[in-house]
>>> print(open('data.txt').read())   # compact mmCIF, C-alpha atoms and all ligand atoms
# COMPACT_ATOMS: atom_id res chain seq x y z
CA MET A 1 -5.92 7.11 28.18
CA SER A 2 -3.98 10.08 26.81
CA GLU A 3 -5.38 12.27 24.02
CA ILE A 4 -4.07 11.80 20.49
CA LYS A 5 -1.95 14.68 19.35
CA ILE A 6 -2.39 16.02 15.85
CA ILE A 7 0.86 17.38 14.43
CA LYS A 8 0.87 19.42 11.25
CA GLU A 9 4.46 20.64 11.07
CA ALA A 10 7.36 18.44 10.03
CA LYS A 11 9.81 20.18 12.36
CA ALA A 12 7.51 19.71 15.37
CA MET A 13 7.01 16.04 14.55
CA GLN A 14 10.78 15.55 14.22
CA GLU A 15 11.39 17.16 17.61
CA ILE A 16 8.77 14.99 19.27
CA SER A 17 10.12 11.83 17.66
CA GLU A 18 13.67 12.71 18.62
CA PHE A 19 12.59 13.25 22.21
CA LEU A 20 10.72 9.93 22.24
CA ARG A 21 13.76 8.12 20.86
CA LEU A 22 16.04 9.69 23.46
CA SER A 23 13.53 8.56 26.12
CA GLY A 24 14.05 5.00 24.94
CA LYS A 25 10.63 4.58 23.30
CA LYS A 26 10.16 2.26 20.35
CA ILE A 27 8.28 4.15 17.62
CA GLY A 28 5.96 2.41 15.16
CA PHE A 29 4.80 4.31 12.09
CA VAL A 30 1.83 3.64 9.79
CA PRO A 31 1.75 5.83 6.67
CA THR A 32 -1.73 6.23 5.16
CA MET A 33 -3.73 8.46 2.85
CA GLY A 34 -6.62 8.41 5.33
CA TYR A 35 -10.24 7.33 4.88
CA LEU A 36 -9.25 4.58 7.23
CA HIS A 37 -10.78 1.10 7.03
CA SER A 38 -10.09 -2.20 8.73
CA GLY A 39 -7.05 -2.80 6.48
CA HIS A 40 -5.37 0.32 7.90
CA ILE A 41 -6.56 -0.57 11.39
CA SER A 42 -4.87 -3.97 11.20
CA LEU A 43 -1.55 -2.18 10.58
CA ILE A 44 -2.19 0.16 13.50
CA LYS A 45 -3.04 -2.77 15.80
CA LYS A 46 0.19 -4.54 14.85
CA ALA A 47 2.15 -1.34 15.55
CA LYS A 48 0.41 -0.96 18.92
CA GLU A 49 1.29 -4.54 19.84
CA GLU A 50 4.95 -4.14 18.97
CA CYS A 51 5.81 -0.52 19.82
CA ASP A 52 5.59 1.96 22.71
CA ILE A 53 4.42 4.87 20.56
CA VAL A 54 2.37 4.74 17.36
CA ILE A 55 2.36 7.53 14.79
CA VAL A 56 -0.14 7.40 11.92
CA SER A 57 0.28 9.79 9.01
CA ILE A 58 -2.78 10.93 7.14
CA TYR A 59 -1.72 12.64 3.96
CA VAL A 60 -3.04 12.33 0.40
CA ASN A 61 0.23 12.73 -1.45
CA PRO A 62 -0.33 14.58 -4.75
CA THR A 63 2.94 13.48 -6.33
CA GLN A 64 1.96 9.82 -6.54
CA PHE A 65 -1.16 10.55 -8.61
CA LEU A 66 -0.97 10.91 -12.38
CA LYS A 67 -2.53 14.00 -13.95
CA ASP A 68 -5.75 12.26 -14.98
CA GLU A 69 -6.14 10.33 -11.73
CA ASP A 70 -8.40 10.87 -8.72
CA PHE A 71 -6.26 13.12 -6.48
CA GLU A 72 -8.99 15.76 -6.18
CA THR A 73 -11.79 13.32 -5.52
CA TYR A 74 -9.85 10.80 -3.42
CA PRO A 75 -12.11 10.16 -0.38
CA ARG A 76 -11.21 12.17 2.71
CA ASP A 77 -12.81 12.26 6.18
CA PHE A 78 -10.41 13.49 8.81
CA ASP A 79 -12.95 13.48 11.65
CA ALA A 80 -13.82 9.82 11.11
CA ASP A 81 -10.10 8.97 10.83
CA TYR A 82 -9.42 10.80 14.07
CA LEU A 83 -12.06 8.70 15.84
CA SER A 84 -10.67 5.47 14.36
CA CYS A 85 -7.19 6.41 15.57
CA LYS A 86 -8.58 7.35 18.98
CA ASN A 87 -10.27 3.94 19.25
CA GLU A 88 -6.91 2.28 18.66
CA ASN A 89 -5.08 4.50 21.15
CA VAL A 90 -2.83 5.97 18.48
CA ASP A 91 -0.43 8.47 20.05
CA TYR A 92 0.19 10.93 17.21
CA ILE A 93 -1.45 11.73 13.88
CA PHE A 94 0.89 13.47 11.47
CA ASN A 95 -1.35 15.44 9.12
CA PRO A 96 0.63 17.97 7.09
CA ASP A 97 -0.63 20.01 4.15
CA ASN A 98 1.03 20.12 0.73
CA ILE A 99 2.92 23.31 1.43
CA GLU A 100 4.41 21.79 4.56
CA MET A 101 5.45 18.65 2.70
CA TYR A 102 6.74 20.20 -0.51
CA LYS A 103 7.89 23.72 0.37
CA ARG A 104 8.40 26.05 -2.56
CA ASN A 105 11.40 24.56 -4.27
CA HIS A 106 11.17 20.84 -3.77
CA MET A 107 13.54 19.19 -6.27
CA THR A 108 14.76 15.91 -4.79
CA ASN A 109 13.05 12.72 -5.87
CA ILE A 110 13.76 9.06 -5.24
CA MET A 111 13.75 6.79 -8.26
CA ILE A 112 14.08 3.08 -7.66
CA SER A 113 14.94 1.82 -11.10
CA ASN A 114 13.69 -1.35 -12.73
CA ILE A 115 11.04 -2.52 -10.23
CA SER A 116 9.34 0.91 -10.29
CA ASN A 117 8.60 0.57 -13.99
CA LYS A 118 6.86 -2.79 -13.90
CA LEU A 119 3.20 -3.69 -13.20
CA GLU A 120 1.67 -0.66 -11.44
CA GLY A 121 4.60 1.48 -12.57
CA GLU A 122 4.02 0.60 -16.20
CA ILE A 123 0.37 1.64 -16.03
CA ARG A 124 1.07 4.58 -13.70
CA PRO A 125 4.45 6.01 -14.80
CA GLY A 126 6.08 8.05 -12.06
CA HIS A 127 3.76 6.71 -9.36
CA PHE A 128 6.55 5.03 -7.39
CA ILE A 129 8.79 8.09 -7.58
CA GLY A 130 6.03 9.91 -5.71
CA VAL A 131 5.57 7.01 -3.28
CA ALA A 132 9.27 6.46 -2.53
CA THR A 133 9.93 10.18 -2.10
CA VAL A 134 7.03 10.82 0.25
CA VAL A 135 7.71 7.68 2.28
CA LEU A 136 11.36 8.60 2.76
CA LYS A 137 10.31 12.12 3.78
CA LEU A 138 7.79 10.67 6.24
CA PHE A 139 10.45 8.34 7.63
CA ASN A 140 12.79 11.30 8.17
CA ILE A 141 10.00 13.26 9.82
CA THR A 142 8.60 10.56 12.13
CA LYS A 143 11.90 8.73 12.80
CA PRO A 144 10.32 5.33 13.47
CA HIS A 145 12.05 2.10 14.46
CA VAL A 146 9.45 0.05 12.57
CA SER A 147 7.05 0.95 9.76
CA TYR A 148 4.02 -1.08 8.70
CA PHE A 149 2.75 -1.64 5.15
CA GLY A 150 -0.06 -3.76 3.69
CA GLN A 151 0.53 -6.71 1.38
CA LYS A 152 -2.48 -5.38 -0.55
CA ASP A 153 0.02 -3.03 -2.25
CA ALA A 154 2.57 -5.74 -2.99
CA GLN A 155 4.74 -3.68 -5.30
CA GLN A 156 4.80 -0.79 -2.85
CA CYS A 157 6.16 -3.19 -0.19
CA ILE A 158 8.89 -4.34 -2.58
CA VAL A 159 9.80 -0.76 -3.54
CA ILE A 160 9.97 0.40 0.09
CA LYS A 161 12.08 -2.59 1.15
CA ARG A 162 14.46 -1.85 -1.74
CA LEU A 163 14.64 1.83 -0.74
CA VAL A 164 15.45 0.97 2.86
CA GLU A 165 18.10 -1.54 1.88
CA ASP A 166 19.72 0.52 -0.88
CA LEU A 167 19.89 3.77 1.09
CA ASN A 168 20.75 2.19 4.48
CA VAL A 169 17.62 3.55 6.10
CA ASP A 170 17.65 2.24 9.67
CA ILE A 171 13.98 1.22 9.84
CA LYS A 172 12.45 -2.24 9.96
CA ILE A 173 9.71 -2.72 7.36
CA GLU A 174 6.86 -5.04 8.29
CA THR A 175 4.33 -6.31 5.81
CA CYS A 176 0.83 -7.11 7.09
CA GLU A 177 -1.68 -9.43 5.42
CA THR A 178 -4.45 -8.08 3.19
CA ILE A 179 -7.76 -7.56 4.98
CA ARG A 180 -10.78 -8.48 2.87
CA GLU A 181 -14.56 -8.13 2.77
CA ASP A 182 -16.52 -11.33 3.42
CA ASN A 183 -16.70 -11.93 -0.33
CA GLY A 184 -12.91 -11.68 -0.70
CA LEU A 185 -12.74 -8.12 -2.10
CA ALA A 186 -9.63 -6.45 -0.64
CA LYS A 187 -10.56 -3.49 1.54
CA SER A 188 -9.60 -0.20 -0.05
CA SER A 189 -10.49 3.45 0.47
CA ARG A 190 -11.39 3.51 -3.23
CA ASN A 191 -14.08 0.81 -2.75
CA VAL A 192 -16.37 3.71 -1.86
CA TYR A 193 -16.52 4.40 -5.61
CA LEU A 194 -18.14 0.99 -6.24
CA SER A 195 -21.88 0.34 -6.35
CA GLU A 196 -23.24 -2.63 -4.34
CA ASN A 197 -23.49 -4.58 -7.57
CA GLU A 198 -19.91 -3.80 -8.54
CA LYS A 199 -18.73 -4.79 -5.05
CA ASN A 200 -20.45 -8.15 -5.41
CA ASN A 201 -18.96 -8.74 -8.85
CA ALA A 202 -15.52 -7.67 -7.67
CA ALA A 203 -15.39 -10.85 -5.59
CA ALA A 204 -14.22 -12.38 -8.88
CA LEU A 205 -10.77 -10.84 -8.39
CA PHE A 206 -9.91 -12.79 -5.26
CA LYS A 207 -11.67 -15.84 -6.66
CA SER A 208 -9.44 -15.73 -9.74
CA LEU A 209 -6.31 -15.15 -7.63
CA SER A 210 -7.21 -18.13 -5.42
CA ILE A 211 -7.76 -20.34 -8.46
CA GLY A 212 -4.49 -19.08 -9.97
CA LYS A 213 -2.69 -20.00 -6.77
CA SER A 214 -4.21 -23.48 -6.66
CA LEU A 215 -3.29 -24.10 -10.32
CA VAL A 216 0.32 -23.19 -9.56
CA LEU A 217 0.35 -25.41 -6.49
CA GLN A 218 -1.14 -28.26 -8.53
CA GLY A 219 1.98 -28.16 -10.68
CA ILE A 220 1.05 -26.22 -13.85
CA ASN A 221 4.28 -25.24 -15.58
CA ASP A 222 3.15 -22.51 -17.94
CA PRO A 223 2.13 -19.22 -16.25
CA ASP A 224 0.20 -18.14 -19.38
CA SER A 225 -2.32 -20.92 -18.86
CA VAL A 226 -2.79 -19.78 -15.25
CA ILE A 227 -3.30 -16.20 -16.45
CA LEU A 228 -5.78 -17.37 -19.11
CA GLU A 229 -7.92 -19.23 -16.55
CA MET A 230 -7.88 -16.22 -14.26
CA SER A 231 -8.88 -13.83 -17.06
CA LYS A 232 -11.83 -16.07 -17.97
CA ILE A 233 -13.24 -15.84 -14.45
CA ILE A 234 -12.85 -12.07 -14.32
CA LYS A 235 -14.40 -11.54 -17.75
CA GLU A 236 -17.32 -13.85 -16.94
CA GLU A 237 -18.10 -12.26 -13.58
CA ILE A 238 -17.32 -8.57 -14.04
CA PRO A 239 -19.19 -7.02 -16.97
CA ASN A 240 -17.00 -4.62 -18.98
CA ALA A 241 -13.92 -5.41 -16.90
CA GLU A 242 -10.71 -4.11 -18.45
CA ILE A 243 -7.88 -6.33 -17.28
CA GLN A 244 -4.77 -4.13 -17.18
CA TYR A 245 -2.44 -6.90 -16.15
CA ILE A 246 -2.29 -10.30 -14.51
CA SER A 247 1.26 -11.35 -13.73
CA VAL A 248 3.08 -14.28 -12.18
CA THR A 249 6.41 -13.04 -10.81
CA ASP A 250 8.95 -13.40 -8.05
CA ASN A 251 8.48 -11.15 -5.02
CA GLU A 252 11.74 -9.23 -5.12
CA LEU A 253 12.54 -8.07 -8.66
CA LEU A 254 9.07 -8.70 -10.10
CA ASN A 255 10.54 -10.78 -12.91
CA ASN A 256 8.09 -12.99 -14.77
CA ILE A 257 8.42 -16.65 -13.91
CA ASP A 258 8.63 -18.49 -17.23
CA GLU A 259 8.65 -22.09 -16.06
CA LEU A 260 6.86 -22.63 -12.80
CA ASN A 261 8.19 -26.17 -12.39
CA ASN A 262 11.78 -24.94 -12.31
CA TYR A 263 11.01 -22.17 -9.84
CA LYS A 264 11.37 -22.47 -6.09
CA GLY A 265 10.52 -19.59 -3.79
CA GLU A 266 7.76 -17.05 -3.31
CA VAL A 267 5.29 -16.61 -6.16
CA LEU A 268 3.42 -13.33 -6.48
CA ILE A 269 0.29 -13.34 -8.62
CA SER A 270 -0.90 -9.77 -9.03
CA LEU A 271 -3.57 -8.07 -11.05
CA ALA A 272 -5.12 -4.73 -11.87
CA VAL A 273 -8.63 -4.49 -13.25
CA LYS A 274 -10.63 -1.45 -14.24
CA THR A 275 -14.34 -1.76 -13.58
CA GLU A 276 -16.85 0.84 -14.69
CA LYS A 277 -16.00 3.34 -11.97
CA THR A 278 -12.69 2.38 -10.49
CA ARG A 279 -9.41 0.58 -10.75
CA LEU A 280 -8.80 -2.33 -8.38
CA ILE A 281 -5.54 -4.07 -7.57
CA ASP A 282 -5.01 -7.27 -5.62
CA ASN A 283 -2.53 -10.11 -5.27
CA VAL A 284 -1.69 -13.40 -3.59
CA LEU A 285 1.78 -14.32 -2.37
CA PHE A 286 2.70 -17.90 -1.55
CA SER A 287 5.64 -20.27 -1.39
CA LYS A 288 6.35 -22.88 -3.98
CA ASN A 289 8.80 -25.47 -2.73
P1 LIG B 1 -3.39 3.87 1.65
O1 LIG B 1 -4.09 4.75 2.62
O2 LIG B 1 -4.30 3.23 0.66
O3 LIG B 1 -2.19 4.54 1.03
O4 LIG B 1 -2.82 2.64 2.49
C1 LIG B 1 -2.00 2.85 3.62
C2 LIG B 1 -1.44 1.51 4.03
O5 LIG B 1 -2.50 0.62 4.34
C3 LIG B 1 -0.61 0.84 2.92
O6 LIG B 1 0.53 0.21 3.49
C4 LIG B 1 -1.57 -0.16 2.36
O7 LIG B 1 -0.94 -1.27 1.76
C5 LIG B 1 -2.32 -0.58 3.61
N1 LIG B 1 -3.62 -1.18 3.24
C6 LIG B 1 -4.55 -0.66 2.41
N2 LIG B 1 -5.57 -1.53 2.25
C7 LIG B 1 -5.25 -2.63 2.97
C8 LIG B 1 -5.89 -3.89 3.19
N3 LIG B 1 -7.05 -4.19 2.63
N4 LIG B 1 -5.28 -4.77 4.00
C9 LIG B 1 -4.08 -4.48 4.59
N5 LIG B 1 -3.43 -3.32 4.41
C10 LIG B 1 -4.00 -2.41 3.61
>>> encode(input="data.txt", output="structure tokens")
Amino acid sequence: MSEIKIIKEAKAMQEISEFLRLSGKKIGFVPTMGYLHSGHISLIKKAKEECDIVIVSIYVNPTQFLKDEDFETYPRDFDADYLSCKNENVDYIFNPDNIEMYKRNHMTNIMISNISNKLEGEIRPGHFIGVATVVLKLFNITKPHVSYFGQKDAQQCIVIKRLVEDLNVDIKIETCETIREDNGLAKSSRNVYLSENEKNNAAALFKSLSIGKSLVLQGINDPDSVILEMSKIIKEEIPNAEIQYISVTDNELLNNIDELNNYKGEVLISLAVKTEKTRLIDNVLFSKN
């Protein structure tokens, strides 16, 4: 088993990736902000299965956090992440610092209009400019053939797919299913902020999404009645929950579906809920034929 290499400089990573490409290797890339959990690991495993070389980036990108958000306190543990990557036989960790990523005069930003301003983008204005810009930079640095993203961040998947299509980026984007705790809570680095009690209560999110999905599949026409049922569950089971949004949309433009009975295709039910200490997002995606 060869040692993982930790690369901190963009230029060095580019040279390595270029060499690997010229050697005929298929490169898989998993962008992360670290504090790895089994959700991240599932992406890494998929990349290992499908590619010759796997690069994982560990970088907490400041530009995707709003001013009053948790950039400073976002959980970080590079040593534990290194061991997790080692366990999965990751080949390279790209771990730049902010100066390396955003030299002195960084001015170019990627704005994907329309879809970036809905749902998460409405609550977190500018968030997807930060995401799209850093992801495109990371793509240019790691030069992968395939990159892996989690369905947990449904809107991020949509934004990145749009970016790749609109700007002719020659990378295949794969979406991997959401990995959950036994009680249904989606794994997230930010779950570390939750107390045991909050974690137990947060099971209500997936419960409400599952009930929402079954109501749609049973043939309810009006999405508002689905949303109402879902809100009731969350309010009953999570004390002081602030529901920021629950939405029933398509999975490409994130347009609200007004009449479910007239709609055929993929339905995305997504939500964001603020509990006492943290903000949780989750979703279910399913076909309605
Ligand atoms: P993050 O470190 O939170 O930026 O996440 C890095 C990647 O891991 C993103 O593509 C996320 O969607 C994905 N991810 C995070 N949590 C999960 C999860 N519970 N299941 C599957 N993928 C996840």
>>> closest_residue(input="data.txt", among="A:Lys264, A:Arg124, A:Lys232, A:Lys25", to="Arg279 of chain A", atoms="only C-alpha atoms")
A:Arg124
>>> closest_residue(input="data.txt", among="A:Ser225, A:Ser147, A:Ser195, A:Asn87", to="ligand LIG 1 (chain B)", atoms="only C-alpha atoms and all ligand atoms")
A:Ser147
>>> residues_near_ligand(input="data.txt", ligand="ligand LIG 1 (chain B)", cutoff="7 Å", atoms="all atoms listed in the file", output="short mmCIF file (atom, residue, chain, number, x, y, z; two decimals) with C-alpha atoms, keeping the file's coordinate frame")
data_model
loop_
_atom_site.label_atom_id
_atom_site.label_comp_id
_atom_site.auth_asym_id
_atom_site.auth_seq_id
_atom_site.Cartn_x
_atom_site.Cartn_y
_atom_site.Cartn_z
CA VAL A 30 1.83 3.64 9.79
CA PRO A 31 1.75 5.83 6.67
CA THR A 32 -1.73 6.23 5.16
CA MET A 33 -3.73 8.46 2.85
CA GLY A 34 -6.62 8.41 5.33
CA LEU A 36 -9.25 4.58 7.23
CA GLY A 39 -7.05 -2.80 6.48
CA HIS A 40 -5.37 0.32 7.90
CA SER A 42 -4.87 -3.97 11.20
CA LEU A 43 -1.55 -2.18 10.58
CA TYR A 148 4.02 -1.08 8.70
CA PHE A 149 2.75 -1.64 5.15
CA GLY A 150 -0.06 -3.76 3.69
CA GLN A 151 0.53 -6.71 1.38
CA LYS A 152 -2.48 -5.38 -0.55
CA ASP A 153 0.02 -3.03 -2.25
CA CYS A 176 0.83 -7.11 7.09
CA GLU A 177 -1.68 -9.43 5.42
CA THR A 178 -4.45 -8.08 3.19
CA ILE A 179 -7.76 -7.56 4.98
CA ARG A 180 -10.78 -8.48 2.87
CA ALA A 186 -9.63 -6.45 -0.64
CA LYS A 187 -10.56 -3.49 1.54
CA SER A 188 -9.60 -0.20 -0.05
CA SER A 189 -10.49 3.45 0.47
#
>>> closest_residue(input="data.txt", among="A:Lys235, A:Lys8, A:Lys118, A:Lys86", to="Lys45 of chain A", atoms="all atoms listed in the file")
A:Lys86
>>> closest_residue(input="data.txt", among="A:Ile44, A:Met107, A:Leu185, A:Ala80", to="Asp282 of chain A", atoms="only C-alpha atoms")
A:Leu185
>>> residues_around(input="data.txt", residues="segment 61-78 of chain A", least_positions_apart="2", cutoff="8 Å", atoms="only C-alpha atoms", output="list of chain:residue names")
A:Met33, A:Gly34, A:Tyr35, A:Tyr59, A:Ala80, A:Asp81, A:Tyr82, A:Asn98, A:Arg124, A:Pro125, A:Gly126, A:His127, A:Phe128, A:Ile129, A:Gly130, A:Val131, A:Val134, A:Ser189, A:Arg190, A:Val192
>>> residues_around(input="data.txt", residues="Thr278 of chain A", least_positions_apart="3", cutoff="9 Å", atoms="all atoms listed in the file", output="number ranges by chain")
A: 190-191, 193-194, 273-275
>>> atom_distance(input="data.txt", atom1="atom CA of Leu209 of chain A", atom2="atom CA of Asn197 of chain A")
20.2 Å
>>> closest_residue(input="data.txt", among="A:Ser210, A:Asn168, A:Ile123, A:Gln14", to="Ile243 of chain A", atoms="all atoms listed in the file")
A:Ile123
>>> closest_residue(input="data.txt", among="A:Asp250, A:Glu266, A:Glu259, A:Asp222", to="Ile115 of chain A", atoms="only C-alpha atoms")
A:Asp250
>>> axis_aligned_box(input="data.txt", around="segment 174-182 of chain A", padding_each_side="3 Å", output="lines of an AutoDock Vina configuration file")
center_x = -4.8
center_y = -8.2
center_z = 5.5
size_x = 29.4
size_y = 12.3
size_z = 11.5
>>> atom_distance(input="data.txt", atom1="atom CA of Tyr263 of chain A", atom2="atom CA of Gln218 of chain A")
13.7 Å
>>> atom_distance(input="data.txt", atom1="atom CA of Ile58 of chain A", atom2="atom CA of Asp79 of chain A")
11.4 Å
>>> residues_around(input="data.txt", residues="Asn261 of chain A", least_positions_apart="5", cutoff="12 Å", atoms="all atoms listed in the file", output="PyMOL selection string")
chain A and resi 215-223+267+288-289
>>> residues_near_point(input="data.txt", point="(14.8, 3.5, 0.7)", cutoff="12 Å", atoms="only C-alpha atoms", output="PyMOL selection string")
chain A and resi 109-113+128-129+131-140+156-173
>>> write_last_selection(input="data.txt", atoms="C-alpha atoms", output="PDB file, in the coordinates of the input")
ATOM      1  CA  ASN A 109      13.050  12.720  -5.870  1.00  0.00           C
ATOM      2  CA  ILE A 110      13.760   9.060  -5.240  1.00  0.00           C
ATOM      3  CA  MET A 111      13.750   6.790  -8.260  1.00  0.00           C
ATOM      4  CA  ILE A 112      14.080   3.080  -7.660  1.00  0.00           C
ATOM      5  CA  SER A 113      14.940   1.820 -11.100  1.00  0.00           C
ATOM      6  CA  PHE A 128       6.550   5.030  -7.390  1.00  0.00           C
ATOM      7  CA  ILE A 129       8.790   8.090  -7.580  1.00  0.00           C
ATOM      8  CA  VAL A 131       5.570   7.010  -3.280  1.00  0.00           C
ATOM      9  CA  ALA A 132       9.270   6.460  -2.530  1.00  0.00           C
ATOM     10  CA  THR A 133       9.930  10.180  -2.100  1.00  0.00           C
ATOM     11  CA  VAL A 134       7.030  10.820   0.250  1.00  0.00           C
ATOM     12  CA  VAL A 135       7.710   7.680   2.280  1.00  0.00           C
ATOM     13  CA  LEU A 136      11.360   8.600   2.760  1.00  0.00           C
ATOM     14  CA  LYS A 137      10.310  12.120   3.780  1.00  0.00           C
ATOM     15  CA  LEU A 138       7.790  10.670   6.240  1.00  0.00           C
ATOM     16  CA  PHE A 139      10.450   8.340   7.630  1.00  0.00           C
ATOM     17  CA  ASN A 140      12.790  11.300   8.170  1.00  0.00           C
ATOM     18  CA  GLN A 156       4.800  -0.790  -2.850  1.00  0.00           C
ATOM     19  CA  CYS A 157       6.160  -3.190  -0.190  1.00  0.00           C
ATOM     20  CA  ILE A 158       8.890  -4.340  -2.580  1.00  0.00           C
ATOM     21  CA  VAL A 159       9.800  -0.760  -3.540  1.00  0.00           C
ATOM     22  CA  ILE A 160       9.970   0.400   0.090  1.00  0.00           C
ATOM     23  CA  LYS A 161      12.080  -2.590   1.150  1.00  0.00           C
ATOM     24  CA  ARG A 162      14.460  -1.850  -1.740  1.00  0.00           C
ATOM     25  CA  LEU A 163      14.640   1.830  -0.740  1.00  0.00           C
ATOM     26  CA  VAL A 164      15.450   0.970   2.860  1.00  0.00           C
ATOM     27  CA  GLU A 165      18.100  -1.540   1.880  1.00  0.00           C
ATOM     28  CA  ASP A 166      19.720   0.520  -0.880  1.00  0.00           C
ATOM     29  CA  LEU A 167      19.890   3.770   1.090  1.00  0.00           C
ATOM     30  CA  ASN A 168      20.750   2.190   4.480  1.00  0.00           C
ATOM     31  CA  VAL A 169      17.620   3.550   6.100  1.00  0.00           C
ATOM     32  CA  ASP A 170      17.650   2.240   9.670  1.00  0.00           C
ATOM     33  CA  ILE A 171      13.980   1.220   9.840  1.00  0.00           C
ATOM     34  CA  LYS A 172      12.450  -2.240   9.960  1.00  0.00           C
ATOM     35  CA  ILE A 173       9.710  -2.720   7.360  1.00  0.00           C
TER      36      ILE A 173
END
>>> residues_around(input="data.txt", residues="Ser247 of chain A", least_positions_apart="3", cutoff="12 Å", atoms="all atoms listed in the file", output="VMD selection string")
chain A and resid 118 to 120 155 209 212 to 213 223 to 228 230 to 231 243 to 244 250 to 251 254 to 258 267 to 272 281 to 285
>>> residues_around(input="data.txt", residues="Glu100 of chain A", least_positions_apart="2", cutoff="9 Å", atoms="only C-alpha atoms", output="PyMOL selection string")
chain A and resi 8-10+96-98+102-103
>>> build_atoms(input="data.txt", residues="segment 7-12 of chain A", atoms="all heavy atoms", output="short mmCIF file (atom, residue, chain, number, x, y, z; two decimals), keeping the file's coordinate frame")
data_model
loop_
_atom_site.label_atom_id
_atom_site.label_comp_id
_atom_site.auth_asym_id
_atom_site.auth_seq_id
_atom_site.Cartn_x
_atom_site.Cartn_y
_atom_site.Cartn_z
N ILE A 7 -0.30 16.55 14.75
CA ILE A 7 0.86 17.38 14.43
C ILE A 7 0.81 17.71 12.94
O ILE A 7 0.64 16.82 12.11
CB ILE A 7 2.18 16.62 14.74
CG1 ILE A 7 2.15 16.01 16.14
CG2 ILE A 7 3.39 17.54 14.53
CD1 ILE A 7 2.07 16.97 17.28
N LYS A 8 0.97 18.99 12.65
CA LYS A 8 0.87 19.42 11.25
C LYS A 8 2.21 19.85 10.68
O LYS A 8 2.36 19.95 9.47
CB LYS A 8 -0.14 20.57 11.12
CG LYS A 8 -1.55 20.14 11.54
CD LYS A 8 -2.60 20.93 10.81
CE LYS A 8 -3.93 20.20 10.79
NZ LYS A 8 -4.15 19.44 9.58
N GLU A 9 3.16 20.13 11.54
CA GLU A 9 4.46 20.64 11.07
C GLU A 9 5.54 19.58 11.17
O GLU A 9 5.68 18.92 12.21
CB GLU A 9 4.88 21.85 11.90
CG GLU A 9 4.07 23.07 11.56
CD GLU A 9 4.33 24.19 12.52
OE1 GLU A 9 5.32 24.13 13.27
OE2 GLU A 9 3.52 25.13 12.52
N ALA A 10 6.30 19.45 10.08
CA ALA A 10 7.36 18.44 10.03
C ALA A 10 8.37 18.64 11.15
O ALA A 10 8.77 17.71 11.84
CB ALA A 10 8.04 18.49 8.67
N LYS A 11 8.77 19.89 11.35
CA LYS A 11 9.81 20.18 12.36
C LYS A 11 9.32 19.76 13.75
O LYS A 11 10.06 19.15 14.52
CB LYS A 11 10.10 21.69 12.32
CG LYS A 11 11.35 22.09 13.02
CD LYS A 11 12.58 21.86 12.14
CE LYS A 11 13.82 21.67 13.01
NZ LYS A 11 14.75 20.70 12.48
N ALA A 12 8.06 20.06 14.05
CA ALA A 12 7.51 19.71 15.37
C ALA A 12 7.48 18.19 15.54
O ALA A 12 7.84 17.66 16.59
CB ALA A 12 6.11 20.30 15.52
#
